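Novice: What follows is the file run.csv, containing CSV, C-alpha atoms:
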chain,number,residue,atom,x,y,z
A,1,MET,CA,-5.4,-12.0,-26.8
A,2,SER,CA,-3.6,-8.6,-26.5
A,3,LYS,CA,-0.9,-8.2,-23.9
A,4,GLN,CA,-1.6,-6.3,-20.7
A,5,THR,CA,-0.2,-2.8,-20.7
A,6,ILE,CA,1.1,-1.5,-17.4
A,7,THR,CA,1.4,2.2,-16.8
A,8,VAL,CA,4.7,2.8,-15.1
A,9,ILE,CA,5.5,5.9,-13.0
A,10,LYS,CA,9.2,5.7,-12.0
A,11,GLY,CA,8.9,8.5,-9.5
A,12,ASP,CA,11.4,10.7,-7.8
A,13,GLY,CA,14.7,10.1,-6.0
A,14,ILE,CA,15.4,6.4,-5.8
A,15,GLY,CA,12.2,5.7,-7.7
A,16,PRO,CA,13.7,5.1,-11.2
A,17,SER,CA,16.3,2.7,-10.0
A,18,ILE,CA,14.0,0.5,-7.9
A,19,VAL,CA,11.2,0.5,-10.4
A,20,GLU,CA,13.6,-0.6,-13.2
A,21,ALA,CA,14.8,-3.4,-10.8
A,22,ALA,CA,11.2,-4.6,-10.4
A,23,ILE,CA,10.6,-4.6,-14.1
A,24,GLU,CA,13.7,-6.6,-14.7
A,25,VAL,CA,12.4,-9.1,-12.2
A,26,LEU,CA,9.0,-9.2,-13.8
A,27,THR,CA,10.5,-9.8,-17.2
A,28,LYS,CA,12.9,-12.5,-15.9
A,29,ALA,CA,9.9,-14.3,-14.2
A,30,GLY,CA,8.2,-14.5,-17.6
A,31,CYS,CA,5.7,-11.7,-17.3
A,32,ASP,CA,5.0,-10.6,-20.9
A,33,PHE,CA,3.7,-7.1,-20.3
A,34,ASP,CA,3.9,-4.0,-22.3
A,35,TYR,CA,5.0,-0.9,-20.3
A,36,GLU,CA,3.9,2.7,-20.9
A,37,TYR,CA,6.1,5.1,-19.0
A,38,VAL,CA,4.7,8.4,-17.7
A,39,ASP,CA,5.9,11.0,-15.2
A,40,ALA,CA,4.5,12.5,-12.0
A,41,GLY,CA,5.9,14.3,-9.0
A,42,LEU,CA,8.9,16.6,-9.1
A,43,THR,CA,10.2,15.0,-12.3
A,44,ALA,CA,6.9,16.0,-14.0
A,45,LEU,CA,6.8,19.4,-12.4
A,46,GLU,CA,10.3,20.2,-13.7
A,47,GLN,CA,9.4,19.1,-17.2
A,48,THR,CA,5.8,20.2,-17.6
A,49,GLY,CA,5.0,22.6,-14.7
A,50,GLU,CA,2.5,20.1,-13.3
A,51,LEU,CA,2.8,17.4,-10.6
A,52,LEU,CA,0.2,15.2,-12.4
A,53,PRO,CA,0.1,15.9,-16.1
A,54,GLN,CA,-3.0,15.1,-18.0
A,55,ALA,CA,-1.1,12.6,-20.2
A,56,THR,CA,-0.3,10.6,-17.0
A,57,LEU,CA,-3.9,10.6,-15.8
A,58,ASP,CA,-5.0,9.5,-19.3
A,59,ALA,CA,-2.5,6.6,-19.2
A,60,ILE,CA,-3.7,5.4,-15.8
A,61,ALA,CA,-7.3,5.6,-16.9
A,62,ARG,CA,-6.6,3.8,-20.2
A,63,ASN,CA,-4.4,0.9,-18.9
A,64,LYS,CA,-6.2,0.4,-15.5
A,65,ILE,CA,-3.1,-1.1,-13.9
A,66,THR,CA,-0.2,1.1,-12.7
A,67,LEU,CA,3.1,0.4,-11.0
A,68,LYS,CA,4.4,3.4,-9.2
A,69,GLY,CA,7.6,4.4,-7.5
A,70,PRO,CA,7.8,7.0,-4.6
A,71,LEU,CA,6.7,10.5,-5.5
A,72,THR,CA,7.6,13.8,-3.9
A,73,THR,CA,4.9,16.4,-3.2
A,74,PRO,CA,6.6,19.8,-2.6
A,75,VAL,CA,5.9,21.0,1.0
A,76,GLY,CA,3.7,24.1,1.2
A,77,ASP,CA,2.8,26.4,-1.7
A,78,GLY,CA,-0.7,24.9,-2.0
A,79,PHE,CA,0.5,21.6,-3.4
A,80,THR,CA,-2.0,18.7,-2.7
A,81,SER,CA,-0.6,15.2,-2.0
A,82,ILE,CA,-0.2,13.4,-5.3
A,83,ASN,CA,-1.2,10.1,-3.7
A,84,VAL,CA,-4.3,11.5,-2.2
A,85,THR,CA,-5.2,13.1,-5.6
A,86,LEU,CA,-4.8,9.8,-7.5
A,87,ARG,CA,-6.9,7.9,-4.9
A,88,LYS,CA,-9.7,10.5,-5.2
A,89,LYS,CA,-9.5,10.8,-9.0
A,90,PHE,CA,-9.8,7.1,-9.7
A,91,SER,CA,-11.9,6.2,-6.7
A,92,LEU,CA,-9.2,3.9,-5.3
A,93,TYR,CA,-11.2,3.3,-2.1
A,94,ALA,CA,-9.2,0.3,-0.7
A,95,ASN,CA,-5.6,0.6,0.4
A,96,VAL,CA,-4.1,-2.8,1.0
A,97,ARG,CA,-0.8,-3.1,2.9
A,98,PRO,CA,0.4,-6.6,3.6
A,99,VAL,CA,3.4,-7.3,5.8
A,100,ILE,CA,5.1,-10.7,6.0
A,101,SER,CA,8.2,-11.7,7.9
A,102,PHE,CA,11.2,-12.6,5.8
A,103,LYS,CA,14.1,-14.4,7.5
A,104,GLY,CA,17.3,-12.5,7.2
A,105,THR,CA,15.9,-9.0,7.9
A,106,LYS,CA,16.8,-7.1,11.0
A,107,ALA,CA,13.2,-7.2,12.2
A,108,ARG,CA,12.4,-7.6,15.9
A,109,TYR,CA,9.6,-10.1,15.3
A,110,GLU,CA,9.1,-13.4,13.4
A,111,ASN,CA,6.1,-15.1,11.9
A,112,ILE,CA,4.2,-11.8,11.1
A,113,ASP,CA,1.6,-12.0,8.4
A,114,ILE,CA,-0.9,-9.1,8.6
A,115,ILE,CA,-2.9,-7.3,6.0
A,116,THR,CA,-4.0,-3.8,6.8
A,117,ILE,CA,-7.0,-2.7,4.7
A,118,ARG,CA,-7.5,1.0,5.0
A,119,GLU,CA,-10.4,3.1,3.7
A,120,ASN,CA,-8.7,5.4,1.2
A,121,THR,CA,-10.9,8.3,0.3
A,122,GLU,CA,-12.9,9.5,3.3
A,123,GLY,CA,-12.2,10.3,7.0
A,124,MET,CA,-9.7,13.1,7.9
A,125,TYR,CA,-8.1,12.8,4.5
A,126,SER,CA,-11.3,13.9,2.7
A,127,GLY,CA,-9.9,17.4,2.8
A,128,HIS,CA,-13.3,18.8,3.8
A,129,ARG,CA,-13.3,22.3,5.4
A,130,GLN,CA,-9.5,22.5,5.9
A,131,GLN,CA,-9.1,26.2,6.9
A,132,VAL,CA,-7.1,28.4,9.2
A,133,SER,CA,-8.6,31.6,10.6
A,134,GLU,CA,-7.5,34.9,9.3
A,135,ASP,CA,-5.6,35.6,12.5
A,136,GLY,CA,-3.8,32.3,12.3
A,137,LEU,CA,-5.0,31.2,15.7
A,138,ILE,CA,-7.6,28.5,14.8
A,139,ALA,CA,-7.2,25.6,12.4
A,140,GLU,CA,-10.1,23.4,11.4
A,141,ALA,CA,-10.7,20.3,9.4
A,142,SER,CA,-13.7,17.9,9.1
A,143,SER,CA,-13.8,14.2,8.9
A,144,ILE,CA,-16.4,12.7,6.6
A,145,ILE,CA,-17.5,9.1,6.9
A,146,THR,CA,-20.4,7.7,4.8
A,147,ARG,CA,-22.3,4.5,5.3
A,148,GLU,CA,-21.6,3.6,1.6
A,149,GLY,CA,-17.8,4.1,2.1
A,150,ALA,CA,-17.7,2.2,5.4
A,151,GLU,CA,-19.7,-0.7,4.0
A,152,ARG,CA,-17.6,-0.9,0.8
A,153,ILE,CA,-14.3,-1.1,2.7
A,154,ALA,CA,-15.7,-3.6,5.2
A,155,VAL,CA,-17.0,-5.9,2.5
A,156,PHE,CA,-13.6,-5.6,0.7
A,157,ALA,CA,-11.8,-6.7,4.0
A,158,PHE,CA,-14.1,-9.6,4.6
A,159,GLU,CA,-14.0,-10.8,1.0
A,160,THR,CA,-10.2,-10.6,1.1
A,161,ALA,CA,-10.2,-12.7,4.3
A,162,ARG,CA,-12.5,-15.2,2.7
A,163,ARG,CA,-10.5,-15.4,-0.5
A,164,GLU,CA,-7.2,-15.8,1.3
A,165,ASN,CA,-8.5,-18.2,4.0
A,166,ARG,CA,-7.9,-15.8,6.8
A,167,LYS,CA,-9.4,-16.6,10.1
A,168,LYS,CA,-10.0,-13.2,11.7
A,169,VAL,CA,-10.8,-9.6,10.8
A,170,THR,CA,-10.1,-6.9,13.4
A,171,ILE,CA,-12.2,-3.7,13.1
A,172,VAL,CA,-10.1,-0.8,14.5
A,173,HIS,CA,-12.0,2.4,15.5
A,174,LYS,CA,-12.3,5.2,18.0
A,175,ALA,CA,-16.1,5.1,18.5
A,176,ASN,CA,-15.8,5.6,22.2
A,177,ILE,CA,-14.7,9.2,21.5
A,178,LEU,CA,-15.5,9.9,17.9
A,179,LYS,CA,-19.1,8.7,18.3
A,180,SER,CA,-20.5,10.1,15.1
A,181,THR,CA,-17.8,9.3,12.5
A,182,SER,CA,-16.0,6.3,14.0
A,183,GLY,CA,-19.3,5.2,15.4
A,184,LEU,CA,-20.9,5.0,12.0
A,185,PHE,CA,-17.8,3.1,10.7
A,186,LEU,CA,-18.0,0.6,13.5
A,187,LYS,CA,-21.8,0.1,13.3
A,188,THR,CA,-21.6,-0.5,9.5
A,189,ALA,CA,-18.6,-2.8,9.8
A,190,ARG,CA,-20.5,-4.9,12.4
A,191,GLU,CA,-23.4,-5.2,10.0
A,192,VAL,CA,-21.1,-6.4,7.3
A,193,ALA,CA,-19.3,-8.8,9.7
A,194,ALA,CA,-22.6,-10.5,10.4
A,195,ARG,CA,-22.7,-11.7,6.7
A,196,TYR,CA,-19.5,-13.6,7.3
A,197,PRO,CA,-20.2,-15.9,10.2
A,198,GLU,CA,-17.3,-18.2,9.3
A,199,ILE,CA,-14.8,-15.4,10.0
A,200,GLU,CA,-14.0,-14.3,13.5
A,201,THR,CA,-14.6,-10.6,14.1
A,202,GLN,CA,-12.7,-8.6,16.7
A,203,GLU,CA,-13.2,-4.9,17.6
A,204,MET,CA,-10.4,-2.9,19.0
A,205,ILE,CA,-10.0,0.8,19.9
A,206,VAL,CA,-7.1,2.3,17.9
A,207,ASP,CA,-4.8,3.1,20.8
A,208,ASN,CA,-5.1,-0.4,22.2
A,209,ALA,CA,-4.5,-1.8,18.7
A,210,CYS,CA,-1.2,0.1,18.6
A,211,MET,CA,-0.2,-1.4,22.0
A,212,GLN,CA,-1.3,-4.9,21.0
A,213,LEU,CA,0.6,-4.8,17.7
A,214,VAL,CA,3.8,-4.1,19.6
A,215,MET,CA,3.2,-6.6,22.4
A,216,ASN,CA,1.6,-9.5,20.5
A,217,PRO,CA,1.4,-8.8,16.8
A,218,GLN,CA,0.8,-12.5,15.9
A,219,GLN,CA,-2.8,-12.2,17.2
A,220,PHE,CA,-3.6,-10.1,14.1
A,221,ASP,CA,-4.7,-11.4,10.7
A,222,VAL,CA,-6.6,-8.8,8.7
A,223,ILE,CA,-7.2,-5.2,10.0
A,224,VAL,CA,-9.8,-3.0,8.6
A,225,THR,CA,-10.0,0.7,9.6
A,226,THR,CA,-10.5,4.3,8.5
A,227,ASN,CA,-8.1,6.4,6.5
A,228,LEU,CA,-6.0,8.2,9.2
A,229,PHE,CA,-5.8,5.2,11.5
A,230,GLY,CA,-4.9,2.9,8.6
A,231,ASP,CA,-2.1,5.3,7.6
A,232,ILE,CA,-0.6,5.1,11.0
A,233,LEU,CA,-1.2,1.4,11.7
A,234,SER,CA,0.1,0.2,8.3
A,235,ASP,CA,3.5,2.0,9.0
A,236,LEU,CA,3.5,0.5,12.5
A,237,CYS,CA,3.0,-2.9,10.9
A,238,ALA,CA,5.9,-2.3,8.5
A,239,GLY,CA,8.1,-1.7,11.5
A,240,LEU,CA,7.3,-5.2,12.7
A,241,VAL,CA,8.9,-6.7,9.6
A,242,GLY,CA,11.9,-4.5,9.1
A,243,GLY,CA,10.6,-1.1,7.9
A,244,LEU,CA,9.0,0.5,4.9
A,245,GLY,CA,11.6,-1.1,2.6
A,246,MET,CA,9.7,-4.4,3.1
A,247,ALA,CA,6.2,-3.0,2.8
A,248,PRO,CA,4.3,-2.7,-0.4
A,249,GLY,CA,0.9,-1.1,-1.0
A,250,ALA,CA,-2.0,-1.4,-3.4
A,251,ASN,CA,-4.7,1.2,-4.1
A,252,ILE,CA,-7.7,-0.6,-5.5
A,253,GLY,CA,-10.9,0.7,-7.0
A,254,LYS,CA,-13.8,-0.8,-9.0
A,255,ASP,CA,-11.8,-1.0,-12.3
A,256,CYS,CA,-8.5,0.6,-11.6
A,257,ALA,CA,-5.5,-0.2,-9.4
A,258,ILE,CA,-2.2,1.4,-8.5
A,259,PHE,CA,0.6,-0.7,-6.9
A,260,GLU,CA,3.4,1.2,-5.2
A,261,ALA,CA,6.4,1.3,-3.0
A,262,VAL,CA,5.1,3.0,0.2
A,263,HIS,CA,8.4,4.5,1.4
A,264,GLY,CA,9.6,8.0,0.4
A,265,SER,CA,11.8,9.0,-2.5
A,266,ALA,CA,15.0,9.1,-0.3
A,267,PRO,CA,16.7,11.9,-2.2
A,268,ASP,CA,19.8,11.6,0.0
A,269,ILE,CA,20.7,8.3,-1.6
A,270,ALA,CA,19.3,8.9,-5.1
A,271,GLY,CA,21.7,8.0,-7.9
A,272,LYS,CA,24.1,6.2,-5.5
A,273,ASN,CA,23.0,2.6,-6.2
A,274,LEU,CA,22.1,2.0,-2.5
A,275,ALA,CA,18.4,1.5,-2.4
A,276,ASN,CA,16.6,-1.7,-1.5
A,277,PRO,CA,14.1,-2.5,-4.3
A,278,SER,CA,12.1,-5.0,-2.1
A,279,SER,CA,9.1,-2.7,-1.5
A,280,VAL,CA,8.3,-2.2,-5.2
A,281,ILE,CA,9.2,-5.8,-6.0
A,282,LEU,CA,6.6,-6.8,-3.3
A,283,ALA,CA,4.2,-4.3,-4.9
A,284,SER,CA,4.7,-6.1,-8.2
A,285,ILE,CA,3.8,-9.4,-6.5
A,286,GLN,CA,0.6,-7.7,-5.3
A,287,MET,CA,0.0,-6.6,-8.9
A,288,LEU,CA,0.4,-10.1,-10.2
A,289,GLU,CA,-2.0,-11.5,-7.6
A,290,TYR,CA,-4.5,-8.9,-8.7
A,291,LEU,CA,-4.1,-10.1,-12.3
A,292,GLN,CA,-4.6,-13.7,-11.1
A,293,MET,CA,-1.0,-14.6,-12.0
A,294,GLN,CA,-0.3,-16.4,-8.7
A,295,ASP,CA,2.3,-18.8,-10.1
A,296,LYS,CA,4.6,-15.9,-11.2
A,297,ALA,CA,3.9,-14.1,-7.9
A,298,GLU,CA,5.0,-17.1,-5.9
A,299,LYS,CA,8.1,-17.5,-8.1
A,300,ILE,CA,9.2,-14.0,-7.4
A,301,ARG,CA,8.3,-14.1,-3.7
A,302,ALA,CA,10.4,-17.3,-3.3
A,303,ALA,CA,13.4,-15.7,-5.0
A,304,LEU,CA,13.1,-12.6,-2.8
A,305,ALA,CA,12.9,-14.7,0.3
A,306,ASP,CA,15.9,-16.7,-0.7
A,307,VAL,CA,18.1,-13.7,-1.5
A,308,ILE,CA,17.2,-12.1,1.9
A,309,ALA,CA,17.6,-15.3,4.0
A,310,SER,CA,20.9,-16.1,2.5
A,311,GLY,CA,22.2,-12.5,2.7
A,312,ASP,CA,23.3,-12.8,-1.0
A,313,ARG,CA,24.2,-9.3,-2.1
A,314,THR,CA,21.7,-7.6,0.2
A,315,THR,CA,21.5,-3.8,0.8
A,316,ARG,CA,22.6,-2.0,3.9
A,317,ASP,CA,19.2,-1.9,5.5
A,318,LEU,CA,19.1,-5.7,5.3
A,319,GLY,CA,22.5,-6.1,6.9
A,320,GLY,CA,24.5,-6.3,3.7
A,321,SER,CA,26.8,-4.0,1.9
A,322,PHE,CA,25.7,-4.2,-1.6
A,323,GLY,CA,23.6,-1.9,-3.9
A,324,THR,CA,20.4,-2.0,-6.0
A,325,THR,CA,22.0,-3.6,-9.1
A,326,ASP,CA,23.7,-6.3,-7.0
A,327,PHE,CA,20.5,-7.2,-5.2
A,328,THR,CA,18.6,-7.3,-8.5
A,329,ALA,CA,21.3,-9.5,-10.0
A,330,ALA,CA,20.9,-12.0,-7.1
A,331,MET,CA,17.1,-12.0,-7.8
A,332,LEU,CA,17.5,-12.6,-11.5
A,333,GLU,CA,19.9,-15.5,-10.9
A,334,ARG,CA,17.3,-17.3,-8.8
A,335,LEU,CA,14.6,-16.6,-11.4
Before anything else, please render the file you have as structure tokens.
Specialist:
Amino acid sequence: MSKQTITVIKGDGIGPSIVEAAIEVLTKAGCDFDYEYVDAGLTALEQTGELLPQATLDAIARNKITLKGPLTTPVGDGFTSINVTLRKKFSLYANVRPVISFKGTKARYENIDIITIRENTEGMYSGHRQQVSEDGLIAEASSIITREGAERIAVFAFETARRENRKKVTIVHKANILKSTSGLFLKTAREVAARYPEIETQEMIVDNACMQLVMNPQQFDVIVTTNLFGDILSDLCAGLVGGLGMAPGANIGKDCAIFEAVHGSAPDIAGKNLANPSSVILASIQMLEYLQMQDKAEKIRAALADVIASGDRTTRDLGGSFGTTDFTAAMLERL
């Protein structure tokens, strides 16, 4: 059997250092992968004049599995978000953002274990009819929700809940105001929920969901929602467990998946050996679970939990005073 080849996009800013840390961890845990390195973002723009070179797109399509560091999309000048482009190009319709409490972080809550499943290709991020009037006084954008897209993400959420023995799925919407788009999403999600009678279904308006997540986050298990709401809620959930440095993300389609650190490229600390690699390590764990390598995923998760709980060579955001290489060394010792 041939070895799995992983496409690796190191990314911009702190990306190269934290992605290399994750690959060291994967190797030490006994993951026998081949890696194909390609560029995207500012790094690629400087070298090729393109944010997403064709060679990078070809590698993603060929290998099907990608591990990605944070990328920078230049602001303005007509540049389209690289992440949005990748999701559309490869039909990565499901964005999966799990957050789990780790002892030793500076999080305000304990015992958090929430998966936010966000529709990744429709809604306000579909880019339909984005325009500004010639006089610059009126801006317009359209939200597109399809029954097919809503059903696909709802099925994904309930199947995830069933596979992971989750008890409840919360459908987050704004159907009381956005009666057409959010209304169709809610109606379709209800129909899907009826196929899973063993899983409790809850419906919650998005503004109430934000308040409830702050007041009593332990009531949530799996959240499924539309693109814009999911973008906001998943970052809110990251805040419950210590911030984006402790939050991974997976973008999953029918036969292709991209696993990523969800925080930015942090150019202010790039090259200073200060970054916490936990987000991309957690994304690597998601990747292993996707590849049905649960034993190795659990091995790495246990090592990460022990490093953070013991405060052994942790980075500043975790209350320590060490850097990326020290944190990685602590991980490797445990593995």
Novice: Output as a tab-separated table one row per residue of region 46-105 of chain A within 9 Å of region 272-281 of chain A: the closest atom pair and its distance in Å to one decimal place, counting all atoms listed in the file, sorted by chain and residue number ascending.
Specialist:
residue	atom	partner	partner_atom	distance
A:Leu67	CA	A:Val280	CA	8.2
A:Lys68	CA	A:Val280	CA	7.9
A:Gly69	CA	A:Val280	CA	7.0
Novice: What gap, in Å, lies between CA of Ala22 (chain A) and CA of Thr328 (chain A)?
Specialist: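 That distance, rounded to one decimal, is 8.1 Å.
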Novice: Identify, on the basis of all atoms listed in the file, every residue whose closest approach to Asn111 (chain A) does not exceed 9 Å; exclude the query and any residue fewer than 5 positions from it along the same chain; express the result as a ChimeraX atom specification.
Specialist: /A:100-102,218
Novice: I'd like the neighbourhood of Ala330 (chain A) as a ChimeraX atom specification, where a residue qualifies if any of its atoms comes within 10 Å (using only C-alpha atoms), though same-chain residues fewer than 2 positions away should be ignored.
Specialist: /A:303-304,306-308,311-314,325-328,332-335
Novice: Could you list, as a PDB file with C-alpha atoms, in the coordinates of the input, every residue within 12 Å of region 4-7 of chain A, counting all atoms listed in the file and ignoring same-chain residues fewer than 6 positions away?
Specialist:
ATOM      1  CA  VAL A  19      11.200   0.500 -10.400  1.00  0.00           C
ATOM      2  CA  ILE A  23      10.600  -4.600 -14.100  1.00  0.00           C
ATOM      3  CA  LEU A  26       9.000  -9.200 -13.800  1.00  0.00           C
ATOM      4  CA  CYS A  31       5.700 -11.700 -17.300  1.00  0.00           C
ATOM      5  CA  ASP A  32       5.000 -10.600 -20.900  1.00  0.00           C
ATOM      6  CA  PHE A  33       3.700  -7.100 -20.300  1.00  0.00           C
ATOM      7  CA  ASP A  34       3.900  -4.000 -22.300  1.00  0.00           C
ATOM      8  CA  TYR A  35       5.000  -0.900 -20.300  1.00  0.00           C
ATOM      9  CA  GLU A  36       3.900   2.700 -20.900  1.00  0.00           C
ATOM     10  CA  TYR A  37       6.100   5.100 -19.000  1.00  0.00           C
ATOM     11  CA  VAL A  38       4.700   8.400 -17.700  1.00  0.00           C
ATOM     12  CA  ASP A  39       5.900  11.000 -15.200  1.00  0.00           C
ATOM     13  CA  ALA A  40       4.500  12.500 -12.000  1.00  0.00           C
ATOM     14  CA  ALA A  55      -1.100  12.600 -20.200  1.00  0.00           C
ATOM     15  CA  THR A  56      -0.300  10.600 -17.000  1.00  0.00           C
ATOM     16  CA  LEU A  57      -3.900  10.600 -15.800  1.00  0.00           C
ATOM     17  CA  ASP A  58      -5.000   9.500 -19.300  1.00  0.00           C
ATOM     18  CA  ALA A  59      -2.500   6.600 -19.200  1.00  0.00           C
ATOM     19  CA  ILE A  60      -3.700   5.400 -15.800  1.00  0.00           C
ATOM     20  CA  ALA A  61      -7.300   5.600 -16.900  1.00  0.00           C
ATOM     21  CA  ARG A  62      -6.600   3.800 -20.200  1.00  0.00           C
ATOM     22  CA  ASN A  63      -4.400   0.900 -18.900  1.00  0.00           C
ATOM     23  CA  LYS A  64      -6.200   0.400 -15.500  1.00  0.00           C
ATOM     24  CA  ILE A  65      -3.100  -1.100 -13.900  1.00  0.00           C
ATOM     25  CA  THR A  66      -0.200   1.100 -12.700  1.00  0.00           C
ATOM     26  CA  LEU A  67       3.100   0.400 -11.000  1.00  0.00           C
ATOM     27  CA  LYS A  68       4.400   3.400  -9.200  1.00  0.00           C
ATOM     28  CA  GLY A  69       7.600   4.400  -7.500  1.00  0.00           C
ATOM     29  CA  CYS A 256      -8.500   0.600 -11.600  1.00  0.00           C
ATOM     30  CA  ALA A 257      -5.500  -0.200  -9.400  1.00  0.00           C
ATOM     31  CA  ILE A 258      -2.200   1.400  -8.500  1.00  0.00           C
ATOM     32  CA  PHE A 259       0.600  -0.700  -6.900  1.00  0.00           C
ATOM     33  CA  GLU A 260       3.400   1.200  -5.200  1.00  0.00           C
ATOM     34  CA  SER A 284       4.700  -6.100  -8.200  1.00  0.00           C
ATOM     35  CA  MET A 287       0.000  -6.600  -8.900  1.00  0.00           C
ATOM     36  CA  LEU A 288       0.400 -10.100 -10.200  1.00  0.00           C
ATOM     37  CA  LEU A 291      -4.100 -10.100 -12.300  1.00  0.00           C
TER      38      LEU A 291
END
Novice: Taking the point (5.6, 2.2, -0.9) as given in the file, collect each protein or nucleic acid residue that comes within 8 Å of it, counting all atoms listed in the file, and present the set as a list in words.
Specialist: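 Applying the cut-off with all atoms listed in the file, one gets Gly69, Pro70, Leu244, Gly245, Ala247, Pro248, Gly249, Glu260, Ala261, Val262, His263, Gly264, Ser279, Val280 and Ala283 of chain A.
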Novice: Out of A:Gly183, A:Gly30, A:Pro16, A:Gly239, which residue has the shortest atom-to-atom distance to Leu213 (chain A) when counting all atoms listed in the file?
Specialist: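 Comparing A:Gly183, A:Gly30, A:Pro16, A:Gly239 against Leu213 (chain A), the winner is A:Gly239.
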Novice: Nearest to Asn176 (chain A) among A:Ile252, A:Arg190, A:Glu203, A:Phe156, with distances taken over all atoms listed in the file: which residue is it?
Specialist: A:Glu203
Novice: Go through A:Met124, A:Leu240, A:Glu46, A:Thr72 one by one, measure the shortest atom-to-atom distance of each to Gly13 (chain A) using only C-alpha atoms, and give the residue with the smallest value.
Specialist: A:Thr72
Novice: Nearest residue to Asp12 (chain A) out of A:Thr80, A:Leu71, A:Thr181, A:Glu122, using only C-alpha atoms?
Specialist: A:Leu71
Novice: Take region 310-315 of chain A, bring it up to all heavy atoms, and give me the output as a PDB file, in the frame of the given file.
Specialist:
ATOM      1  N   SER A 310      19.543 -15.729   2.652  1.00  0.00           N
ATOM      2  CA  SER A 310      20.900 -16.100   2.500  1.00  0.00           C
ATOM      3  C   SER A 310      21.903 -14.939   2.586  1.00  0.00           C
ATOM      4  O   SER A 310      23.126 -15.124   2.652  1.00  0.00           O
ATOM      5  CB  SER A 310      21.116 -16.754   1.066  1.00  0.00           C
ATOM      6  OG  SER A 310      20.833 -15.811   0.035  1.00  0.00           O
ATOM      7  N   GLY A 311      21.354 -13.711   2.609  1.00  0.00           N
ATOM      8  CA  GLY A 311      22.200 -12.500   2.700  1.00  0.00           C
ATOM      9  C   GLY A 311      23.026 -12.326   1.423  1.00  0.00           C
ATOM     10  O   GLY A 311      24.088 -11.699   1.454  1.00  0.00           O
ATOM     11  N   ASP A 312      22.529 -12.835   0.312  1.00  0.00           N
ATOM     12  CA  ASP A 312      23.300 -12.800  -1.000  1.00  0.00           C
ATOM     13  C   ASP A 312      23.101 -11.396  -1.599  1.00  0.00           C
ATOM     14  O   ASP A 312      22.044 -11.080  -2.144  1.00  0.00           O
ATOM     15  CB  ASP A 312      22.771 -13.876  -1.890  1.00  0.00           C
ATOM     16  CG  ASP A 312      23.518 -13.917  -3.212  1.00  0.00           C
ATOM     17  OD1 ASP A 312      24.549 -13.216  -3.338  1.00  0.00           O
ATOM     18  OD2 ASP A 312      23.072 -14.636  -4.127  1.00  0.00           O
ATOM     19  N   ARG A 313      24.140 -10.582  -1.508  1.00  0.00           N
ATOM     20  CA  ARG A 313      24.200  -9.300  -2.100  1.00  0.00           C
ATOM     21  C   ARG A 313      23.028  -8.349  -1.637  1.00  0.00           C
ATOM     22  O   ARG A 313      22.424  -7.604  -2.409  1.00  0.00           O
ATOM     23  CB  ARG A 313      24.165  -9.374  -3.656  1.00  0.00           C
ATOM     24  CG  ARG A 313      25.481  -9.877  -4.237  1.00  0.00           C
ATOM     25  CD  ARG A 313      25.342 -10.354  -5.659  1.00  0.00           C
ATOM     26  NE  ARG A 313      24.839 -11.730  -5.684  1.00  0.00           N
ATOM     27  CZ  ARG A 313      24.660 -12.432  -6.800  1.00  0.00           C
ATOM     28  NH1 ARG A 313      24.906 -11.888  -7.979  1.00  0.00           N
ATOM     29  NH2 ARG A 313      24.206 -13.668  -6.730  1.00  0.00           N
ATOM     30  N   THR A 314      22.729  -8.432  -0.370  1.00  0.00           N
ATOM     31  CA  THR A 314      21.700  -7.600   0.200  1.00  0.00           C
ATOM     32  C   THR A 314      22.156  -6.180   0.461  1.00  0.00           C
ATOM     33  O   THR A 314      23.352  -5.928   0.605  1.00  0.00           O
ATOM     34  CB  THR A 314      21.121  -8.204   1.500  1.00  0.00           C
ATOM     35  OG1 THR A 314      22.215  -8.507   2.369  1.00  0.00           O
ATOM     36  CG2 THR A 314      20.325  -9.468   1.222  1.00  0.00           C
ATOM     37  N   THR A 315      21.197  -5.261   0.539  1.00  0.00           N
ATOM     38  CA  THR A 315      21.500  -3.800   0.800  1.00  0.00           C
ATOM     39  C   THR A 315      21.745  -3.569   2.242  1.00  0.00           C
ATOM     40  O   THR A 315      21.496  -4.428   3.098  1.00  0.00           O
ATOM     41  CB  THR A 315      20.341  -2.976   0.233  1.00  0.00           C
ATOM     42  OG1 THR A 315      19.100  -3.476   0.773  1.00  0.00           O
ATOM     43  CG2 THR A 315      20.270  -3.018  -1.290  1.00  0.00           C
TER      44      THR A 315
END
